[in-house]
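Peer 1: One structure, as structure tokens, below. Some questions next.
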Amino acid sequence: MLAERRHQLILQALRSGGAATVADLSGRLNVSAATIRRDLLKLEEVGLLTRVHGGAVIEEPYPPFIEAAEVRVTAKDAIAAHAATTIEDGQSIILDSGTTVYRLARQLHGRRLTVITNNLVVYEELAEEDSIDLMLLGGMVIRESRSLDGFMAEDNLRQVHADWLFMGACGVRPGGQVMDTTVAEVPARRAMIAASDKVVLLVDQGKFPGTGMVKICGPEDLHTVVTNASSDDATLAALKEAGVKVMLATPATVND
């Protein structure tokens with residue numbers, strides 16, 4: 001079993017139970033205790049769990065897609081509507097696995113576009129839209145995020161090119177670094193960046209600074225940030241100083 005897949009299964013076990021022993025994880029994954037210990041060390045280094053005697057715990061599990069999708073919907077819809085204005089008919093776009101990116105997909109009905117995605121909810125949203133050429137990336141199904149990920153998704157992305165990438169994140173640090181909580185999803189996001197001419201980050205006020213210990217990219221990789229986080233002047237100033245266009249979708253007070 002690939003290390004990437006083991007990491008996903010370890011995190012799934014911890015999210016469902018809060019804690020797990022090395023022996024339990026070793027039995028579940030059919031690998032040696034030494035392998036599990038190395039995996040736990042790696043996951044702890046990137047901030048995804050805490051090792052304890054005999055195992056590991058996770059204190060703040062990342063909410064599954066369906067739960068996260070119901071948070072700050074008004075703000076996400078405003079951000080998505082602003083983002084949709086940057087897209088011209090005939091262009092190709094990549095949509096990642098974020099919940100705000102899904103709200104963008106809902107804005108695209110009737111548009112003439114090519115959409116490349118690993119987001120199963122985006123696929124379901126646009127599958128019947130005849131005006132959209134829809135490409136679903138391959139990969140391992142990540143049920144929590146309703147996405148396809150892993151080396152197959154990365155390989156697929158090496159074969160395509162897009163005008164725009166619309167990407168979500170778990171957090172944006174004061175210097176403009178874009179962060180994620182799920183180490184297994186970062187390589188595909190980086191491959192999406194490499195496959196796109198311009199990268200647009202869609203993040204609501206809850207993502208400043210948000211969460212995440214794994215860096216997806218720096219501000220130098222971004223073309224535009226669409227947000228409602230007008231109260232975080234320092235981070236927005238750092239993004240602008242790095243040459244990033246900042247679009248404020250709504251006042252920072254917008255909430256659900």
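Residue names in the structure tokens use chain letters A, B, ... in the order shown, residue numbers from 1 in each chain, and ligand numbers from 1 in the order shown.
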Using backbone DSSP assignments, extract all strand (DSSP E) residues from range 103-236 of chain A; output them as a PyMOL selection string.

Peer 2: chain A and resi 113-117+132-136+140-142+147-149+162-167+171-172+178-180+196-202+214-217+224-227

Peer 1: Residues near Glu125 in chain A, anyone? I mean within 9 Å using only C-alpha atoms, not counting same-chain ones fewer than 3 positions away, as number ranges by chain.

Peer 2: A: 102, 105-106, 109, 120-122, 128-129

Peer 1: Give me a file of those residues, with all heavy atoms, as a PDB file, in the first residue's frame.

Peer 2:
ATOM      1  N   TYR A 102     -17.200  24.652  -5.162  1.00  0.00           N
ATOM      2  CA  TYR A 102     -18.483  24.044  -5.547  1.00  0.00           C
ATOM      3  C   TYR A 102     -19.553  25.119  -5.748  1.00  0.00           C
ATOM      4  O   TYR A 102     -20.355  25.050  -6.687  1.00  0.00           O
ATOM      5  CB  TYR A 102     -18.928  23.042  -4.485  1.00  0.00           C
ATOM      6  CG  TYR A 102     -20.402  22.742  -4.505  1.00  0.00           C
ATOM      7  CD1 TYR A 102     -20.992  22.145  -5.622  1.00  0.00           C
ATOM      8  CD2 TYR A 102     -21.221  23.071  -3.427  1.00  0.00           C
ATOM      9  CE1 TYR A 102     -22.355  21.885  -5.658  1.00  0.00           C
ATOM     10  CE2 TYR A 102     -22.578  22.820  -3.455  1.00  0.00           C
ATOM     11  CZ  TYR A 102     -23.140  22.225  -4.563  1.00  0.00           C
ATOM     12  OH  TYR A 102     -24.492  21.980  -4.596  1.00  0.00           O
ATOM     13  N   ALA A 105     -19.212  26.481  -9.115  1.00  0.00           N
ATOM     14  CA  ALA A 105     -19.777  25.605 -10.147  1.00  0.00           C
ATOM     15  C   ALA A 105     -21.262  25.870 -10.345  1.00  0.00           C
ATOM     16  O   ALA A 105     -21.774  25.803 -11.468  1.00  0.00           O
ATOM     17  CB  ALA A 105     -19.538  24.141  -9.780  1.00  0.00           C
ATOM     18  N   ARG A 106     -21.958  26.201  -9.276  1.00  0.00           N
ATOM     19  CA  ARG A 106     -23.391  26.482  -9.365  1.00  0.00           C
ATOM     20  C   ARG A 106     -23.683  27.749 -10.173  1.00  0.00           C
ATOM     21  O   ARG A 106     -24.808  27.958 -10.623  1.00  0.00           O
ATOM     22  CB  ARG A 106     -23.981  26.604  -7.957  1.00  0.00           C
ATOM     23  CG  ARG A 106     -23.989  25.282  -7.190  1.00  0.00           C
ATOM     24  CD  ARG A 106     -24.302  25.510  -5.711  1.00  0.00           C
ATOM     25  NE  ARG A 106     -25.610  26.111  -5.528  1.00  0.00           N
ATOM     26  CZ  ARG A 106     -26.734  25.422  -5.313  1.00  0.00           C
ATOM     27  NH1 ARG A 106     -26.707  24.093  -5.262  1.00  0.00           N
ATOM     28  NH2 ARG A 106     -27.877  26.051  -5.138  1.00  0.00           N
ATOM     29  N   HIS A 109     -23.873  27.367 -14.852  1.00  0.00           N
ATOM     30  CA  HIS A 109     -24.887  26.771 -15.722  1.00  0.00           C
ATOM     31  C   HIS A 109     -25.156  27.692 -16.913  1.00  0.00           C
ATOM     32  O   HIS A 109     -25.288  28.915 -16.765  1.00  0.00           O
ATOM     33  CB  HIS A 109     -26.177  26.519 -14.947  1.00  0.00           C
ATOM     34  CG  HIS A 109     -26.062  25.407 -13.959  1.00  0.00           C
ATOM     35  ND1 HIS A 109     -26.084  24.079 -14.327  1.00  0.00           N
ATOM     36  CD2 HIS A 109     -25.895  25.423 -12.612  1.00  0.00           C
ATOM     37  CE1 HIS A 109     -25.963  23.321 -13.251  1.00  0.00           C
ATOM     38  NE2 HIS A 109     -25.842  24.114 -12.193  1.00  0.00           N
ATOM     39  N   LEU A 120     -16.221  15.643  -6.866  1.00  0.00           N
ATOM     40  CA  LEU A 120     -17.374  14.840  -7.267  1.00  0.00           C
ATOM     41  C   LEU A 120     -18.682  15.624  -7.192  1.00  0.00           C
ATOM     42  O   LEU A 120     -19.602  15.388  -7.973  1.00  0.00           O
ATOM     43  CB  LEU A 120     -17.460  13.591  -6.389  1.00  0.00           C
ATOM     44  CG  LEU A 120     -16.339  12.563  -6.611  1.00  0.00           C
ATOM     45  CD1 LEU A 120     -16.378  11.495  -5.519  1.00  0.00           C
ATOM     46  CD2 LEU A 120     -16.435  11.934  -7.983  1.00  0.00           C
ATOM     47  N   VAL A 121     -18.761  16.587  -6.278  1.00  0.00           N
ATOM     48  CA  VAL A 121     -19.974  17.392  -6.164  1.00  0.00           C
ATOM     49  C   VAL A 121     -20.064  18.370  -7.340  1.00  0.00           C
ATOM     50  O   VAL A 121     -21.153  18.627  -7.862  1.00  0.00           O
ATOM     51  CB  VAL A 121     -20.016  18.128  -4.816  1.00  0.00           C
ATOM     52  CG1 VAL A 121     -21.337  18.868  -4.644  1.00  0.00           C
ATOM     53  CG2 VAL A 121     -19.834  17.154  -3.668  1.00  0.00           C
ATOM     54  N   VAL A 122     -18.929  18.909  -7.773  1.00  0.00           N
ATOM     55  CA  VAL A 122     -18.910  19.742  -8.974  1.00  0.00           C
ATOM     56  C   VAL A 122     -19.340  18.921 -10.179  1.00  0.00           C
ATOM     57  O   VAL A 122     -20.133  19.376 -11.021  1.00  0.00           O
ATOM     58  CB  VAL A 122     -17.507  20.345  -9.198  1.00  0.00           C
ATOM     59  CG1 VAL A 122     -17.381  20.949 -10.594  1.00  0.00           C
ATOM     60  CG2 VAL A 122     -17.204  21.400  -8.143  1.00  0.00           C
ATOM     61  N   GLU A 128     -25.058  17.338 -16.342  1.00  0.00           N
ATOM     62  CA  GLU A 128     -26.122  17.429 -17.342  1.00  0.00           C
ATOM     63  C   GLU A 128     -26.068  18.726 -18.141  1.00  0.00           C
ATOM     64  O   GLU A 128     -26.973  19.005 -18.926  1.00  0.00           O
ATOM     65  CB  GLU A 128     -27.489  17.306 -16.652  1.00  0.00           C
ATOM     66  CG  GLU A 128     -27.677  16.020 -15.855  1.00  0.00           C
ATOM     67  CD  GLU A 128     -27.507  14.779 -16.700  1.00  0.00           C
ATOM     68  OE1 GLU A 128     -27.987  14.780 -17.862  1.00  0.00           O
ATOM     69  OE2 GLU A 128     -26.879  13.805 -16.221  1.00  0.00           O
ATOM     70  N   GLU A 129     -25.017  19.507 -17.954  1.00  0.00           N
ATOM     71  CA  GLU A 129     -24.906  20.797 -18.639  1.00  0.00           C
ATOM     72  C   GLU A 129     -24.248  20.589 -20.001  1.00  0.00           C
ATOM     73  O   GLU A 129     -23.030  20.449 -20.108  1.00  0.00           O
ATOM     74  CB  GLU A 129     -24.083  21.766 -17.778  1.00  0.00           C
ATOM     75  CG  GLU A 129     -24.232  23.218 -18.154  1.00  0.00           C
ATOM     76  CD  GLU A 129     -25.636  23.746 -17.900  1.00  0.00           C
ATOM     77  OE1 GLU A 129     -26.274  23.353 -16.907  1.00  0.00           O
ATOM     78  OE2 GLU A 129     -26.079  24.576 -18.716  1.00  0.00           O
TER      79      GLU A 129
END

Peer 1: Grab the CA of Ile58 in chain A to CA of Ala23 in chain A distance for me, in Å with one decimal place.

Peer 2: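 We find that CA of Ile58 in chain A and CA of Ala23 in chain A lie 16.8 Å from each other.
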
Peer 1: Of the candidates A:Gly54, A:Gly175, A:Gly138, A:Gly110, which shows the shortest atom-to-atom distance to Glu220 in chain A, using only C-alpha atoms?

Peer 2: A:Gly175

Peer 1: Per residue of range 151-220 of chain A within 8 Å of range 79-91 of chain A, which atom pair is closest and at what distance in Å (one decimal), using only C-alpha atoms, listed by chain and increasing number, as a Markdown table?

Peer 2:
| residue | atom | partner | partner_atom | distance |
| --- | --- | --- | --- | --- |
| A:Ala162 | CA | A:Gln91 | CA | 7.8 |
| A:Asp163 | CA | A:Gln91 | CA | 6.3 |
| A:Leu202 | CA | A:Ile79 | CA | 6.8 |
| A:Val203 | CA | A:Ile79 | CA | 7.8 |
| A:Asp204 | CA | A:Ile79 | CA | 7.5 |

Peer 1: Can you check which residues of range 190-233 of chain A DSSP gives as alpha helix (DSSP H) on the backbone and send them as number ranges by chain?

Peer 2: A: 190-194, 233

Peer 1: Restrict the selected residues to C-alpha atoms and save them as an mmCIF file, in the first residue's frame.

Peer 2:
data_model
loop_
_atom_site.group_PDB
_atom_site.id
_atom_site.type_symbol
_atom_site.label_atom_id
_atom_site.label_comp_id
_atom_site.auth_asym_id
_atom_site.auth_seq_id
_atom_site.Cartn_x
_atom_site.Cartn_y
_atom_site.Cartn_z
ATOM 1 C CA ARG A 190 0.190 21.791 -6.696
ATOM 2 C CA ALA A 191 -0.244 19.879 -9.972
ATOM 3 C CA MET A 192 -3.344 21.971 -10.683
ATOM 4 C CA ILE A 193 -1.301 25.142 -10.189
ATOM 5 C CA ALA A 194 1.338 23.861 -12.617
ATOM 6 C CA ASP A 233 -5.860 44.315 6.304
#

Peer 1: As a list of chain:residue names, please: the residues near Gln159 in chain A (cut-off 12 Å, only C-alpha atoms, same-chain neighbours under 6 positions excluded).

Peer 2: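 Near neighbours after the sequence-gap exclusion: A:Ile116, A:Met135, A:Leu137, A:Met152, A:Ala153, A:Ala191, A:Met192, A:Ala194, A:Ala195, A:Ser196.
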
Peer 1: Mind dumping the selected residues with C-alpha atoms as a PDB file, in the first residue's frame?

Peer 2:
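Writing the result to selection_13.pdb gives the following:
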ATOM      1  CA  ILE A 116     -11.638  19.986 -15.310  1.00  0.00           C
ATOM      2  CA  MET A 135     -13.412  16.273 -17.522  1.00  0.00           C
ATOM      3  CA  LEU A 137      -9.861  13.510 -13.044  1.00  0.00           C
ATOM      4  CA  MET A 152      -3.613   9.173 -10.746  1.00  0.00           C
ATOM      5  CA  ALA A 153      -5.070  12.679 -10.409  1.00  0.00           C
ATOM      6  CA  ALA A 191      -0.244  19.879  -9.972  1.00  0.00           C
ATOM      7  CA  MET A 192      -3.344  21.971 -10.683  1.00  0.00           C
ATOM      8  CA  ALA A 194       1.338  23.861 -12.617  1.00  0.00           C
ATOM      9  CA  ALA A 195      -1.358  23.056 -15.206  1.00  0.00           C
ATOM     10  CA  SER A 196      -2.954  26.528 -15.117  1.00  0.00           C
TER      11      SER A 196
END

Peer 1: Considering only C-alpha atoms, return as a count of residues only whatever protein or nucleic-acid residues lie within 8 Å of range 166-171 of chain A, sequence-local ones (same chain, fewer than 2 positions apart) excluded.

Peer 2: 27

Peer 1: Could you jot down the CA of Asn119 in chain A to CA of Ser147 in chain A separation for me, Å, one decimal place?

Peer 2: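 Spanning CA of Asn119 in chain A to CA of Ser147 in chain A is a straight-line distance of 4.6 Å.
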
Peer 1: I'd like to know which of A:Ile36, A:Met213, A:Ala78, A:Val160 is closest to Met247 in chain A, using only C-alpha atoms.

Peer 2: A:Ala78

Peer 1: Could you tell me how far CA of Arg15 in chain A sits from CA of Arg103 in chain A, in Å to one decimal place?

Peer 2: 25.6 Å

Peer 1: With distances taken over only C-alpha atoms, which residue among A:Leu25, A:Val214, A:Ala238, A:Val225 lies nearest Gly176 in chain A?

Peer 2: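 Residue with the minimum atom-to-atom distance to Gly176 in chain A: A:Ala238.
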
Peer 1: With a distance cut-off of 10 Å and only C-alpha atoms, select the neighbouring residues of Asp133 in chain A, excluding the residue or stretch itself and same-chain residues fewer than 4 positions from it, and output the selection as a VMD selection string.

Peer 2: chain A and resid 92 112 to 116 126 to 127 129
